[in-house]
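Novice: mmCIF, N, CA and C atoms, file protein.cif:
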data_work
#
loop_
_atom_site.group_PDB
_atom_site.id
_atom_site.type_symbol
_atom_site.label_atom_id
_atom_site.label_comp_id
_atom_site.auth_asym_id
_atom_site.auth_seq_id
_atom_site.Cartn_x
_atom_site.Cartn_y
_atom_site.Cartn_z
ATOM 1 N N MET A 1 -33.175 24.081 -26.163
ATOM 2 C CA MET A 1 -32.763 23.080 -25.191
ATOM 3 C C MET A 1 -33.815 21.978 -25.140
ATOM 4 N N GLN A 2 -33.369 20.766 -25.201
ATOM 5 C CA GLN A 2 -34.274 19.617 -25.225
ATOM 6 C C GLN A 2 -34.391 19.034 -23.825
ATOM 7 N N LYS A 3 -35.625 18.832 -23.390
ATOM 8 C CA LYS A 3 -35.860 18.239 -22.074
ATOM 9 C C LYS A 3 -36.014 16.737 -22.221
ATOM 10 N N SER A 4 -35.503 16.024 -21.241
ATOM 11 C CA SER A 4 -35.641 14.573 -21.253
ATOM 12 C C SER A 4 -36.271 14.148 -19.947
ATOM 13 N N SER A 5 -37.313 13.349 -20.024
ATOM 14 C CA SER A 5 -37.987 12.892 -18.817
ATOM 15 C C SER A 5 -37.390 11.579 -18.299
ATOM 16 N N ALA A 6 -36.548 10.956 -19.098
ATOM 17 C CA ALA A 6 -35.930 9.686 -18.680
ATOM 18 C C ALA A 6 -34.858 9.961 -17.633
ATOM 19 N N LYS A 7 -34.805 9.097 -16.640
ATOM 20 C CA LYS A 7 -33.782 9.238 -15.610
ATOM 21 C C LYS A 7 -32.434 8.821 -16.173
ATOM 22 N N GLN A 8 -31.388 9.562 -15.773
ATOM 23 C CA GLN A 8 -30.049 9.198 -16.195
ATOM 24 C C GLN A 8 -29.544 8.059 -15.328
ATOM 25 N N LYS A 9 -28.859 7.118 -15.951
ATOM 26 C CA LYS A 9 -28.283 6.005 -15.208
ATOM 27 C C LYS A 9 -26.945 6.461 -14.636
ATOM 28 N N VAL A 10 -26.783 6.317 -13.333
ATOM 29 C CA VAL A 10 -25.567 6.729 -12.650
ATOM 30 C C VAL A 10 -24.682 5.507 -12.476
ATOM 31 N N GLU A 11 -23.418 5.630 -12.837
ATOM 32 C CA GLU A 11 -22.460 4.541 -12.695
ATOM 33 C C GLU A 11 -21.768 4.646 -11.342
ATOM 34 N N PHE A 12 -21.658 3.531 -10.624
ATOM 35 C CA PHE A 12 -20.983 3.477 -9.337
ATOM 36 C C PHE A 12 -19.821 2.499 -9.411
ATOM 37 N N PHE A 13 -18.834 2.719 -8.550
ATOM 38 C CA PHE A 13 -17.818 1.691 -8.382
ATOM 39 C C PHE A 13 -18.518 0.469 -7.823
ATOM 40 N N GLU A 14 -17.985 -0.708 -8.123
ATOM 41 C CA GLU A 14 -18.595 -1.935 -7.626
ATOM 42 C C GLU A 14 -17.557 -2.832 -6.976
ATOM 43 N N TYR A 15 -18.028 -3.646 -6.044
ATOM 44 C CA TYR A 15 -17.225 -4.687 -5.427
ATOM 45 C C TYR A 15 -18.073 -5.945 -5.442
ATOM 46 N N LYS A 16 -17.603 -6.979 -6.096
ATOM 47 C CA LYS A 16 -18.316 -8.242 -6.243
ATOM 48 C C LYS A 16 -19.741 -8.034 -6.767
ATOM 49 N N GLY A 17 -19.868 -7.121 -7.733
ATOM 50 C CA GLY A 17 -21.133 -6.903 -8.417
ATOM 51 C C GLY A 17 -22.129 -5.991 -7.723
ATOM 52 N N LEU A 18 -21.762 -5.430 -6.569
ATOM 53 C CA LEU A 18 -22.671 -4.526 -5.848
ATOM 54 C C LEU A 18 -22.059 -3.129 -5.771
ATOM 55 N N PRO A 19 -22.892 -2.090 -5.809
ATOM 56 C CA PRO A 19 -22.370 -0.725 -5.843
ATOM 57 C C PRO A 19 -21.750 -0.269 -4.516
ATOM 58 N N LEU A 20 -20.731 0.583 -4.659
ATOM 59 C CA LEU A 20 -20.075 1.248 -3.531
ATOM 60 C C LEU A 20 -20.282 2.744 -3.705
ATOM 61 N N VAL A 21 -20.803 3.414 -2.683
ATOM 62 C CA VAL A 21 -21.017 4.850 -2.737
ATOM 63 C C VAL A 21 -20.330 5.465 -1.522
ATOM 64 N N ARG A 22 -19.443 6.446 -1.772
ATOM 65 C CA ARG A 22 -18.666 7.055 -0.698
ATOM 66 C C ARG A 22 -19.055 8.510 -0.512
ATOM 67 N N LYS A 23 -19.179 8.918 0.746
ATOM 68 C CA LYS A 23 -19.391 10.307 1.122
ATOM 69 C C LYS A 23 -18.486 10.561 2.312
ATOM 70 N N GLY A 24 -17.376 11.246 2.083
ATOM 71 C CA GLY A 24 -16.427 11.493 3.163
ATOM 72 C C GLY A 24 -15.820 10.191 3.654
ATOM 73 N N ASP A 25 -15.928 9.940 4.941
ATOM 74 C CA ASP A 25 -15.380 8.717 5.543
ATOM 75 C C ASP A 25 -16.423 7.610 5.675
ATOM 76 N N THR A 26 -17.557 7.760 5.020
ATOM 77 C CA THR A 26 -18.616 6.757 5.065
ATOM 78 C C THR A 26 -18.801 6.138 3.680
ATOM 79 N N ILE A 27 -18.867 4.803 3.648
ATOM 80 C CA ILE A 27 -19.048 4.074 2.397
ATOM 81 C C ILE A 27 -20.266 3.169 2.548
ATOM 82 N N TYR A 28 -21.183 3.266 1.598
ATOM 83 C CA TYR A 28 -22.343 2.370 1.567
ATOM 84 C C TYR A 28 -22.097 1.309 0.512
ATOM 85 N N TYR A 29 -22.434 0.067 0.838
ATOM 86 C CA TYR A 29 -22.215 -1.063 -0.051
ATOM 87 C C TYR A 29 -23.527 -1.820 -0.211
ATOM 88 N N GLY A 30 -23.962 -1.980 -1.451
ATOM 89 C CA GLY A 30 -25.194 -2.699 -1.733
ATOM 90 C C GLY A 30 -26.184 -1.810 -2.459
ATOM 91 N N ASN A 31 -27.284 -2.418 -2.873
ATOM 92 C CA ASN A 31 -28.359 -1.693 -3.556
ATOM 93 C C ASN A 31 -29.320 -1.126 -2.532
ATOM 94 N N MET A 32 -29.561 0.162 -2.600
ATOM 95 C CA MET A 32 -30.469 0.803 -1.647
ATOM 96 C C MET A 32 -31.908 0.321 -1.824
ATOM 97 N N GLU A 33 -32.233 -0.291 -2.960
ATOM 98 C CA GLU A 33 -33.573 -0.835 -3.181
ATOM 99 C C GLU A 33 -33.757 -2.177 -2.473
ATOM 100 N N ASP A 34 -32.650 -2.825 -2.087
ATOM 101 C CA ASP A 34 -32.722 -4.100 -1.381
ATOM 102 C C ASP A 34 -33.135 -3.875 0.074
ATOM 103 N N ASP A 35 -33.433 -4.949 0.772
ATOM 104 C CA ASP A 35 -33.867 -4.852 2.165
ATOM 105 C C ASP A 35 -32.742 -4.498 3.129
ATOM 106 N N TYR A 36 -31.484 -4.723 2.706
ATOM 107 C CA TYR A 36 -30.333 -4.484 3.588
ATOM 108 C C TYR A 36 -29.177 -3.900 2.797
ATOM 109 N N VAL A 37 -28.365 -3.086 3.462
ATOM 110 C CA VAL A 37 -27.121 -2.558 2.916
ATOM 111 C C VAL A 37 -26.069 -2.583 4.019
ATOM 112 N N VAL A 38 -24.829 -2.385 3.628
ATOM 113 C CA VAL A 38 -23.735 -2.311 4.591
ATOM 114 C C VAL A 38 -23.221 -0.873 4.611
ATOM 115 N N MET A 39 -23.015 -0.347 5.812
ATOM 116 C CA MET A 39 -22.420 0.971 5.968
ATOM 117 C C MET A 39 -21.062 0.790 6.641
ATOM 118 N N MET A 40 -20.023 1.356 6.039
ATOM 119 C CA MET A 40 -18.678 1.288 6.595
ATOM 120 C C MET A 40 -18.207 2.699 6.907
ATOM 121 N N THR A 41 -17.694 2.887 8.108
ATOM 122 C CA THR A 41 -17.196 4.183 8.536
ATOM 123 C C THR A 41 -15.714 4.064 8.856
ATOM 124 N N VAL A 42 -14.899 4.869 8.198
ATOM 125 C CA VAL A 42 -13.457 4.868 8.456
ATOM 126 C C VAL A 42 -13.215 5.576 9.785
ATOM 127 N N LEU A 43 -12.659 4.845 10.752
ATOM 128 C CA LEU A 43 -12.402 5.392 12.083
ATOM 129 C C LEU A 43 -10.983 5.918 12.229
ATOM 130 N N LYS A 44 -10.024 5.235 11.587
ATOM 131 C CA LYS A 44 -8.620 5.641 11.643
ATOM 132 C C LYS A 44 -7.992 5.494 10.273
ATOM 133 N N LYS A 45 -7.015 6.381 9.983
ATOM 134 C CA LYS A 45 -6.277 6.321 8.730
ATOM 135 C C LYS A 45 -4.788 6.327 9.050
ATOM 136 N N LYS A 46 -4.009 5.757 8.123
ATOM 137 C CA LYS A 46 -2.565 5.858 8.252
ATOM 138 C C LYS A 46 -2.000 6.294 6.913
ATOM 139 N N LYS A 47 -0.844 6.920 6.961
ATOM 140 C CA LYS A 47 -0.202 7.426 5.760
ATOM 141 C C LYS A 47 0.546 6.293 5.064
ATOM 142 N N PHE A 48 0.320 6.138 3.767
ATOM 143 C CA PHE A 48 1.032 5.153 2.949
ATOM 144 C C PHE A 48 1.448 5.885 1.681
ATOM 145 N N ALA A 49 2.737 6.132 1.537
ATOM 146 C CA ALA A 49 3.260 6.968 0.452
ATOM 147 C C ALA A 49 2.580 8.336 0.555
ATOM 148 N N ASP A 50 1.870 8.751 -0.471
ATOM 149 C CA ASP A 50 1.180 10.052 -0.445
ATOM 150 C C ASP A 50 -0.307 9.925 -0.142
ATOM 151 N N LEU A 51 -0.747 8.735 0.247
ATOM 152 C CA LEU A 51 -2.174 8.495 0.458
ATOM 153 C C LEU A 51 -2.505 8.259 1.926
ATOM 154 N N ASN A 52 -3.725 8.637 2.309
ATOM 155 C CA ASN A 52 -4.273 8.240 3.602
ATOM 156 C C ASN A 52 -5.080 6.968 3.369
ATOM 157 N N VAL A 53 -4.712 5.899 4.060
ATOM 158 C CA VAL A 53 -5.342 4.597 3.875
ATOM 159 C C VAL A 53 -6.100 4.227 5.143
ATOM 160 N N ALA A 54 -7.301 3.688 4.983
ATOM 161 C CA ALA A 54 -8.116 3.282 6.136
ATOM 162 C C ALA A 54 -7.411 2.164 6.889
ATOM 163 N N SER A 55 -7.236 2.360 8.199
ATOM 164 C CA SER A 55 -6.604 1.315 9.002
ATOM 165 C C SER A 55 -7.583 0.674 9.986
ATOM 166 N N LYS A 56 -8.647 1.372 10.339
ATOM 167 C CA LYS A 56 -9.684 0.835 11.223
ATOM 168 C C LYS A 56 -11.036 1.271 10.665
ATOM 169 N N VAL A 57 -11.924 0.284 10.431
ATOM 170 C CA VAL A 57 -13.214 0.558 9.789
ATOM 171 C C VAL A 57 -14.331 -0.116 10.585
ATOM 172 N N ARG A 58 -15.383 0.648 10.901
ATOM 173 C CA ARG A 58 -16.584 0.075 11.529
ATOM 174 C C ARG A 58 -17.505 -0.394 10.416
ATOM 175 N N VAL A 59 -17.997 -1.618 10.525
ATOM 176 C CA VAL A 59 -18.898 -2.218 9.531
ATOM 177 C C VAL A 59 -20.243 -2.448 10.203
ATOM 178 N N GLN A 60 -21.322 -2.008 9.543
ATOM 179 C CA GLN A 60 -22.666 -2.214 10.083
ATOM 180 C C GLN A 60 -23.583 -2.724 8.980
ATOM 181 N N LEU A 61 -24.328 -3.772 9.290
ATOM 182 C CA LEU A 61 -25.366 -4.275 8.401
ATOM 183 C C LEU A 61 -26.656 -3.568 8.801
ATOM 184 N N LEU A 62 -27.259 -2.853 7.848
ATOM 185 C CA LEU A 62 -28.435 -2.031 8.136
ATOM 186 C C LEU A 62 -29.652 -2.502 7.360
ATOM 187 N N SER A 63 -30.807 -2.371 7.989
ATOM 188 C CA SER A 63 -32.076 -2.579 7.308
ATOM 189 C C SER A 63 -32.439 -1.284 6.589
ATOM 190 N N THR A 64 -32.996 -1.389 5.388
ATOM 191 C CA THR A 64 -33.438 -0.204 4.656
ATOM 192 C C THR A 64 -34.943 0.027 4.804
ATOM 193 N N ASP A 65 -35.582 -0.727 5.692
ATOM 194 C CA ASP A 65 -37.030 -0.610 5.909
ATOM 195 C C ASP A 65 -37.343 0.759 6.512
ATOM 196 N N PRO A 66 -38.063 1.624 5.783
ATOM 197 C CA PRO A 66 -38.365 2.963 6.297
ATOM 198 C C PRO A 66 -39.323 2.947 7.492
ATOM 199 N N ASN A 67 -40.028 1.843 7.693
ATOM 200 C CA ASN A 67 -40.980 1.748 8.800
ATOM 201 C C ASN A 67 -40.385 1.096 10.047
ATOM 202 N N ALA A 68 -39.140 0.663 9.957
ATOM 203 C CA ALA A 68 -38.503 -0.011 11.096
ATOM 204 C C ALA A 68 -38.176 0.994 12.196
ATOM 205 N N ASP A 69 -38.254 0.527 13.422
ATOM 206 C CA ASP A 69 -37.867 1.328 14.579
ATOM 207 C C ASP A 69 -36.362 1.579 14.502
ATOM 208 N N ALA A 70 -35.922 2.734 14.968
ATOM 209 C CA ALA A 70 -34.498 3.092 14.908
ATOM 210 C C ALA A 70 -33.612 2.061 15.606
ATOM 211 N N THR A 71 -34.126 1.412 16.640
ATOM 212 C CA THR A 71 -33.339 0.418 17.360
ATOM 213 C C THR A 71 -33.201 -0.887 16.575
ATOM 214 N N GLU A 72 -34.013 -1.057 15.532
ATOM 215 C CA GLU A 72 -33.986 -2.280 14.728
ATOM 216 C C GLU A 72 -33.220 -2.114 13.416
ATOM 217 N N LEU A 73 -32.694 -0.933 13.144
ATOM 218 C CA LEU A 73 -32.026 -0.684 11.871
ATOM 219 C C LEU A 73 -30.679 -1.385 11.764
ATOM 220 N N VAL A 74 -29.900 -1.417 12.845
ATOM 221 C CA VAL A 74 -28.573 -2.036 12.818
ATOM 222 C C VAL A 74 -28.706 -3.489 13.246
ATOM 223 N N LEU A 75 -28.400 -4.408 12.306
ATOM 224 C CA LEU A 75 -28.514 -5.832 12.597
ATOM 225 C C LEU A 75 -27.214 -6.420 13.127
ATOM 226 N N ARG A 76 -26.079 -5.963 12.579
ATOM 227 C CA ARG A 76 -24.768 -6.462 13.002
ATOM 228 C C ARG A 76 -23.781 -5.318 12.936
ATOM 229 N N THR A 77 -22.742 -5.412 13.769
ATOM 230 C CA THR A 77 -21.683 -4.404 13.746
ATOM 231 C C THR A 77 -20.351 -5.047 14.124
ATOM 232 N N SER A 78 -19.281 -4.509 13.556
ATOM 233 C CA SER A 78 -17.946 -5.026 13.813
ATOM 234 C C SER A 78 -16.927 -3.945 13.472
ATOM 235 N N GLU A 79 -15.734 -4.047 14.028
ATOM 236 C CA GLU A 79 -14.622 -3.191 13.624
ATOM 237 C C GLU A 79 -13.562 -4.069 12.989
ATOM 238 N N GLN A 80 -13.066 -3.629 11.840
ATOM 239 C CA GLN A 80 -12.098 -4.407 11.070
ATOM 240 C C GLN A 80 -10.847 -3.580 10.806
ATOM 241 N N ASP A 81 -9.717 -4.273 10.676
ATOM 242 C CA ASP A 81 -8.466 -3.632 10.291
ATOM 243 C C ASP A 81 -8.405 -3.569 8.769
ATOM 244 N N GLY A 82 -8.491 -2.375 8.217
ATOM 245 C CA GLY A 82 -8.369 -2.177 6.778
ATOM 246 C C GLY A 82 -9.687 -2.269 6.031
ATOM 247 N N LEU A 83 -9.716 -1.589 4.907
ATOM 248 C CA LEU A 83 -10.930 -1.528 4.100
ATOM 249 C C LEU A 83 -11.252 -2.866 3.448
ATOM 250 N N TYR A 84 -10.228 -3.606 3.000
ATOM 251 C CA TYR A 84 -10.498 -4.894 2.357
ATOM 252 C C TYR A 84 -11.197 -5.845 3.330
ATOM 253 N N ASN A 85 -10.708 -5.945 4.565
ATOM 254 C CA ASN A 85 -11.355 -6.814 5.558
ATOM 255 C C ASN A 85 -12.786 -6.366 5.824
ATOM 256 N N ALA A 86 -13.010 -5.048 5.879
ATOM 257 C CA ALA A 86 -14.355 -4.519 6.103
ATOM 258 C C ALA A 86 -15.281 -4.882 4.944
ATOM 259 N N LEU A 87 -14.791 -4.716 3.712
ATOM 260 C CA LEU A 87 -15.595 -5.082 2.539
ATOM 261 C C LEU A 87 -15.895 -6.568 2.522
ATOM 262 N N ASP A 88 -14.916 -7.367 2.882
ATOM 263 C CA ASP A 88 -15.080 -8.817 2.860
ATOM 264 C C ASP A 88 -16.163 -9.272 3.844
ATOM 265 N N ILE A 89 -16.085 -8.812 5.086
ATOM 266 C CA ILE A 89 -17.090 -9.216 6.089
ATOM 267 C C ILE A 89 -18.452 -8.616 5.743
ATOM 268 N N GLY A 90 -18.464 -7.371 5.251
ATOM 269 C CA GLY A 90 -19.719 -6.744 4.847
ATOM 270 C C GLY A 90 -20.398 -7.502 3.721
ATOM 271 N N HIS A 91 -19.618 -7.968 2.762
ATOM 272 C CA HIS A 91 -20.170 -8.743 1.644
ATOM 273 C C HIS A 91 -20.773 -10.059 2.138
ATOM 274 N N ILE A 92 -20.075 -10.735 3.035
ATOM 275 C CA ILE A 92 -20.581 -12.001 3.581
ATOM 276 C C ILE A 92 -21.893 -11.777 4.318
ATOM 277 N N TRP A 93 -21.927 -10.777 5.193
ATOM 278 C CA TRP A 93 -23.158 -10.483 5.940
ATOM 279 C C TRP A 93 -24.308 -10.170 4.994
ATOM 280 N N LEU A 94 -24.046 -9.296 4.009
ATOM 281 C CA LEU A 94 -25.087 -8.868 3.099
ATOM 282 C C LEU A 94 -25.605 -10.026 2.258
ATOM 283 N N GLU A 95 -24.705 -10.834 1.749
ATOM 284 C CA GLU A 95 -25.085 -12.001 0.951
ATOM 285 C C GLU A 95 -25.978 -12.956 1.752
ATOM 286 N N ARG A 96 -25.596 -13.239 2.985
ATOM 287 C CA ARG A 96 -26.382 -14.151 3.832
ATOM 288 C C ARG A 96 -27.735 -13.561 4.178
ATOM 289 N N GLN A 97 -27.776 -12.280 4.504
ATOM 290 C CA GLN A 97 -29.041 -11.652 4.918
ATOM 291 C C GLN A 97 -30.008 -11.569 3.756
ATOM 292 N N LEU A 98 -29.517 -11.244 2.567
ATOM 293 C CA LEU A 98 -30.388 -11.141 1.400
ATOM 294 C C LEU A 98 -30.888 -12.503 0.937
ATOM 295 N N ALA A 99 -30.158 -13.573 1.273
ATOM 296 C CA ALA A 99 -30.565 -14.923 0.881
ATOM 297 C C ALA A 99 -31.705 -15.458 1.745
ATOM 298 N N GLU A 100 -31.900 -14.881 2.935
ATOM 299 C CA GLU A 100 -32.963 -15.365 3.838
ATOM 300 C C GLU A 100 -34.331 -14.998 3.338
#
Can you give me the file's structure in the form of structure tokens?
Specialist:
Amino acid sequence: MQKSSAKQKVEFFEYKGLPLVRKGDTIYYGNMEDDYVVMMTVLKKKKFADLNVASKVRVQLLSTDPNADATELVLRTSEQDGLYNALDIGHIWLERQLAE
């Protein structure tokens, strides 16, 4: 068996060039190495054909600073109808915050 010390590159789904990582009803959007990411939590789902589709999503812009106080981690929050609207507002917030 051959050992490799090189890290394997993990492929993620992307939206507008940034990675999307899902765990249950929580989706993280953005690079964790950046100063900010977006966290989306599915609050409500509705049935569409054979699928459960997100109908209400909480969007939060978070700081990734490990030294930040817990009260300073959430910069913005909103509730959106549908995942596309949540991704859209999350992308706008993240783009603006990273540009500062």
Novice: Show which residues sit within 7 Å of Val42 (chain A), as a ChimeraX atom specification. Count all atoms listed in the file, and ignore same-chain residues fewer than 6 positions away.
Specialist: /A:25-27,54-58
Novice: Let me know the residues the PyMOL selection byres ((chain A and resi 77-91) around 7) catches in the file above, as a VMD selection string.
Specialist: chain A and resid 38 53 to 61 74 to 76 92 to 96
Novice: Figure out the distance between atom N of Gly17 (chain A) and atom N of Gln97 (chain A), please, to one decimal in Å.
Specialist: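 Going from atom N of Gln97 (chain A) over to atom N of Gly17 (chain A), I get 15.5 Å.
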Novice: Taking the DSSP secondary structure from the backbone, can you list the residues of chain A that are alpha helix (DSSP H), as a PyMOL selection string?
Specialist: chain A and resi 83-99
Novice: Might you pull out every residue within 8 Å of Asp34 (chain A), with only N, CA and C atoms counted and same-chain residues fewer than 2 positions away left off, and present them as a PyMOL selection string?
Specialist: chain A and resi 30-32+36-37+63-65+98
Novice: Given the selection you just returned, output its residues as a file containing N, CA and C atoms, formatted as a short mmCIF file (atom, residue, chain, number, x, y, z; two decimals), in the frame of the given file.
Specialist:
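So the final result, stored in result-v5.cif, reads:
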data_model
loop_
_atom_site.label_atom_id
_atom_site.label_comp_id
_atom_site.auth_asym_id
_atom_site.auth_seq_id
_atom_site.Cartn_x
_atom_site.Cartn_y
_atom_site.Cartn_z
N GLY A 30 -23.96 -1.98 -1.45
CA GLY A 30 -25.19 -2.70 -1.73
C GLY A 30 -26.18 -1.81 -2.46
N ASN A 31 -27.28 -2.42 -2.87
CA ASN A 31 -28.36 -1.69 -3.56
C ASN A 31 -29.32 -1.13 -2.53
N MET A 32 -29.56 0.16 -2.60
CA MET A 32 -30.47 0.80 -1.65
C MET A 32 -31.91 0.32 -1.82
N TYR A 36 -31.48 -4.72 2.71
CA TYR A 36 -30.33 -4.48 3.59
C TYR A 36 -29.18 -3.90 2.80
N VAL A 37 -28.36 -3.09 3.46
CA VAL A 37 -27.12 -2.56 2.92
C VAL A 37 -26.07 -2.58 4.02
N SER A 63 -30.81 -2.37 7.99
CA SER A 63 -32.08 -2.58 7.31
C SER A 63 -32.44 -1.28 6.59
N THR A 64 -33.00 -1.39 5.39
CA THR A 64 -33.44 -0.20 4.66
C THR A 64 -34.94 0.03 4.80
N ASP A 65 -35.58 -0.73 5.69
CA ASP A 65 -37.03 -0.61 5.91
C ASP A 65 -37.34 0.76 6.51
N LEU A 98 -29.52 -11.24 2.57
CA LEU A 98 -30.39 -11.14 1.40
C LEU A 98 -30.89 -12.50 0.94
#
Novice: Quick one: distance from atom C of Asp69 (chain A) to atom C of Gly24 (chain A) in Å, one decimal?
Specialist: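 Straight-line distance from atom C of Asp69 (chain A) to atom C of Gly24 (chain A) works out to 24.8 Å.
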Novice: Among the residues of chain A, find those DSSP assigns to strand (DSSP E or B) from the backbone and print them as an NGL selection string.
Specialist: :A and (13-15 or 18-23 or 26-29 or 36-48 or 51-63 or 74-80)
Novice: How would the residues just chosen look if you wrote them out with N, CA and C atoms as a short mmCIF file (atom, residue, chain, number, x, y, z; two decimals), in the frame of the given file?
Specialist:
data_model
loop_
_atom_site.label_atom_id
_atom_site.label_comp_id
_atom_site.auth_asym_id
_atom_site.auth_seq_id
_atom_site.Cartn_x
_atom_site.Cartn_y
_atom_site.Cartn_z
N PHE A 13 -18.83 2.72 -8.55
CA PHE A 13 -17.82 1.69 -8.38
C PHE A 13 -18.52 0.47 -7.82
N GLU A 14 -17.98 -0.71 -8.12
CA GLU A 14 -18.60 -1.94 -7.63
C GLU A 14 -17.56 -2.83 -6.98
N TYR A 15 -18.03 -3.65 -6.04
CA TYR A 15 -17.23 -4.69 -5.43
C TYR A 15 -18.07 -5.94 -5.44
N LEU A 18 -21.76 -5.43 -6.57
CA LEU A 18 -22.67 -4.53 -5.85
C LEU A 18 -22.06 -3.13 -5.77
N PRO A 19 -22.89 -2.09 -5.81
CA PRO A 19 -22.37 -0.72 -5.84
C PRO A 19 -21.75 -0.27 -4.52
N LEU A 20 -20.73 0.58 -4.66
CA LEU A 20 -20.08 1.25 -3.53
C LEU A 20 -20.28 2.74 -3.70
N VAL A 21 -20.80 3.41 -2.68
CA VAL A 21 -21.02 4.85 -2.74
C VAL A 21 -20.33 5.46 -1.52
N ARG A 22 -19.44 6.45 -1.77
CA ARG A 22 -18.67 7.06 -0.70
C ARG A 22 -19.06 8.51 -0.51
N LYS A 23 -19.18 8.92 0.75
CA LYS A 23 -19.39 10.31 1.12
C LYS A 23 -18.49 10.56 2.31
N THR A 26 -17.56 7.76 5.02
CA THR A 26 -18.62 6.76 5.07
C THR A 26 -18.80 6.14 3.68
N ILE A 27 -18.87 4.80 3.65
CA ILE A 27 -19.05 4.07 2.40
C ILE A 27 -20.27 3.17 2.55
N TYR A 28 -21.18 3.27 1.60
CA TYR A 28 -22.34 2.37 1.57
C TYR A 28 -22.10 1.31 0.51
N TYR A 29 -22.43 0.07 0.84
CA TYR A 29 -22.22 -1.06 -0.05
C TYR A 29 -23.53 -1.82 -0.21
N TYR A 36 -31.48 -4.72 2.71
CA TYR A 36 -30.33 -4.48 3.59
C TYR A 36 -29.18 -3.90 2.80
N VAL A 37 -28.36 -3.09 3.46
CA VAL A 37 -27.12 -2.56 2.92
C VAL A 37 -26.07 -2.58 4.02
N VAL A 38 -24.83 -2.38 3.63
CA VAL A 38 -23.74 -2.31 4.59
C VAL A 38 -23.22 -0.87 4.61
N MET A 39 -23.02 -0.35 5.81
CA MET A 39 -22.42 0.97 5.97
C MET A 39 -21.06 0.79 6.64
N MET A 40 -20.02 1.36 6.04
CA MET A 40 -18.68 1.29 6.60
C MET A 40 -18.21 2.70 6.91
N THR A 41 -17.69 2.89 8.11
CA THR A 41 -17.20 4.18 8.54
C THR A 41 -15.71 4.06 8.86
N VAL A 42 -14.90 4.87 8.20
CA VAL A 42 -13.46 4.87 8.46
C VAL A 42 -13.22 5.58 9.78
N LEU A 43 -12.66 4.84 10.75
CA LEU A 43 -12.40 5.39 12.08
C LEU A 43 -10.98 5.92 12.23
N LYS A 44 -10.02 5.24 11.59
CA LYS A 44 -8.62 5.64 11.64
C LYS A 44 -7.99 5.49 10.27
N LYS A 45 -7.02 6.38 9.98
CA LYS A 45 -6.28 6.32 8.73
C LYS A 45 -4.79 6.33 9.05
N LYS A 46 -4.01 5.76 8.12
CA LYS A 46 -2.56 5.86 8.25
C LYS A 46 -2.00 6.29 6.91
N LYS A 47 -0.84 6.92 6.96
CA LYS A 47 -0.20 7.43 5.76
C LYS A 47 0.55 6.29 5.06
N PHE A 48 0.32 6.14 3.77
CA PHE A 48 1.03 5.15 2.95
C PHE A 48 1.45 5.88 1.68
N LEU A 51 -0.75 8.74 0.25
CA LEU A 51 -2.17 8.49 0.46
C LEU A 51 -2.50 8.26 1.93
N ASN A 52 -3.72 8.64 2.31
CA ASN A 52 -4.27 8.24 3.60
C ASN A 52 -5.08 6.97 3.37
N VAL A 53 -4.71 5.90 4.06
CA VAL A 53 -5.34 4.60 3.88
C VAL A 53 -6.10 4.23 5.14
N ALA A 54 -7.30 3.69 4.98
CA ALA A 54 -8.12 3.28 6.14
C ALA A 54 -7.41 2.16 6.89
N SER A 55 -7.24 2.36 8.20
CA SER A 55 -6.60 1.32 9.00
C SER A 55 -7.58 0.67 9.99
N LYS A 56 -8.65 1.37 10.34
CA LYS A 56 -9.68 0.84 11.22
C LYS A 56 -11.04 1.27 10.66
N VAL A 57 -11.92 0.28 10.43
CA VAL A 57 -13.21 0.56 9.79
C VAL A 57 -14.33 -0.12 10.58
N ARG A 58 -15.38 0.65 10.90
CA ARG A 58 -16.58 0.08 11.53
C ARG A 58 -17.50 -0.39 10.42
N VAL A 59 -18.00 -1.62 10.52
CA VAL A 59 -18.90 -2.22 9.53
C VAL A 59 -20.24 -2.45 10.20
N GLN A 60 -21.32 -2.01 9.54
CA GLN A 60 -22.67 -2.21 10.08
C GLN A 60 -23.58 -2.72 8.98
N LEU A 61 -24.33 -3.77 9.29
CA LEU A 61 -25.37 -4.28 8.40
C LEU A 61 -26.66 -3.57 8.80
N LEU A 62 -27.26 -2.85 7.85
CA LEU A 62 -28.44 -2.03 8.14
C LEU A 62 -29.65 -2.50 7.36
N SER A 63 -30.81 -2.37 7.99
CA SER A 63 -32.08 -2.58 7.31
C SER A 63 -32.44 -1.28 6.59
N VAL A 74 -29.90 -1.42 12.84
CA VAL A 74 -28.57 -2.04 12.82
C VAL A 74 -28.71 -3.49 13.25
N LEU A 75 -28.40 -4.41 12.31
CA LEU A 75 -28.51 -5.83 12.60
C LEU A 75 -27.21 -6.42 13.13
N ARG A 76 -26.08 -5.96 12.58
CA ARG A 76 -24.77 -6.46 13.00
C ARG A 76 -23.78 -5.32 12.94
N THR A 77 -22.74 -5.41 13.77
CA THR A 77 -21.68 -4.40 13.75
C THR A 77 -20.35 -5.05 14.12
N SER A 78 -19.28 -4.51 13.56
CA SER A 78 -17.95 -5.03 13.81
C SER A 78 -16.93 -3.94 13.47
N GLU A 79 -15.73 -4.05 14.03
CA GLU A 79 -14.62 -3.19 13.62
C GLU A 79 -13.56 -4.07 12.99
N GLN A 80 -13.07 -3.63 11.84
CA GLN A 80 -12.10 -4.41 11.07
C GLN A 80 -10.85 -3.58 10.81
#
Novice: How big is the axis-aligned box around the listed atoms of region 31-47 of chain A once 3 Å is added on each side, and where is its centre? Give both in Å to one decimal, as AutoDock Vina command-line options.
Specialist:
--center_x -16.7 --center_y 1.2 --center_z 4.3 --size_x 40.4 --size_y 18.4 --size_z 21.8
Novice: Quick one: distance from CA of Pro19 (chain A) to atom C of Met40 (chain A) in Å, one decimal?
Specialist: 13.8 Å
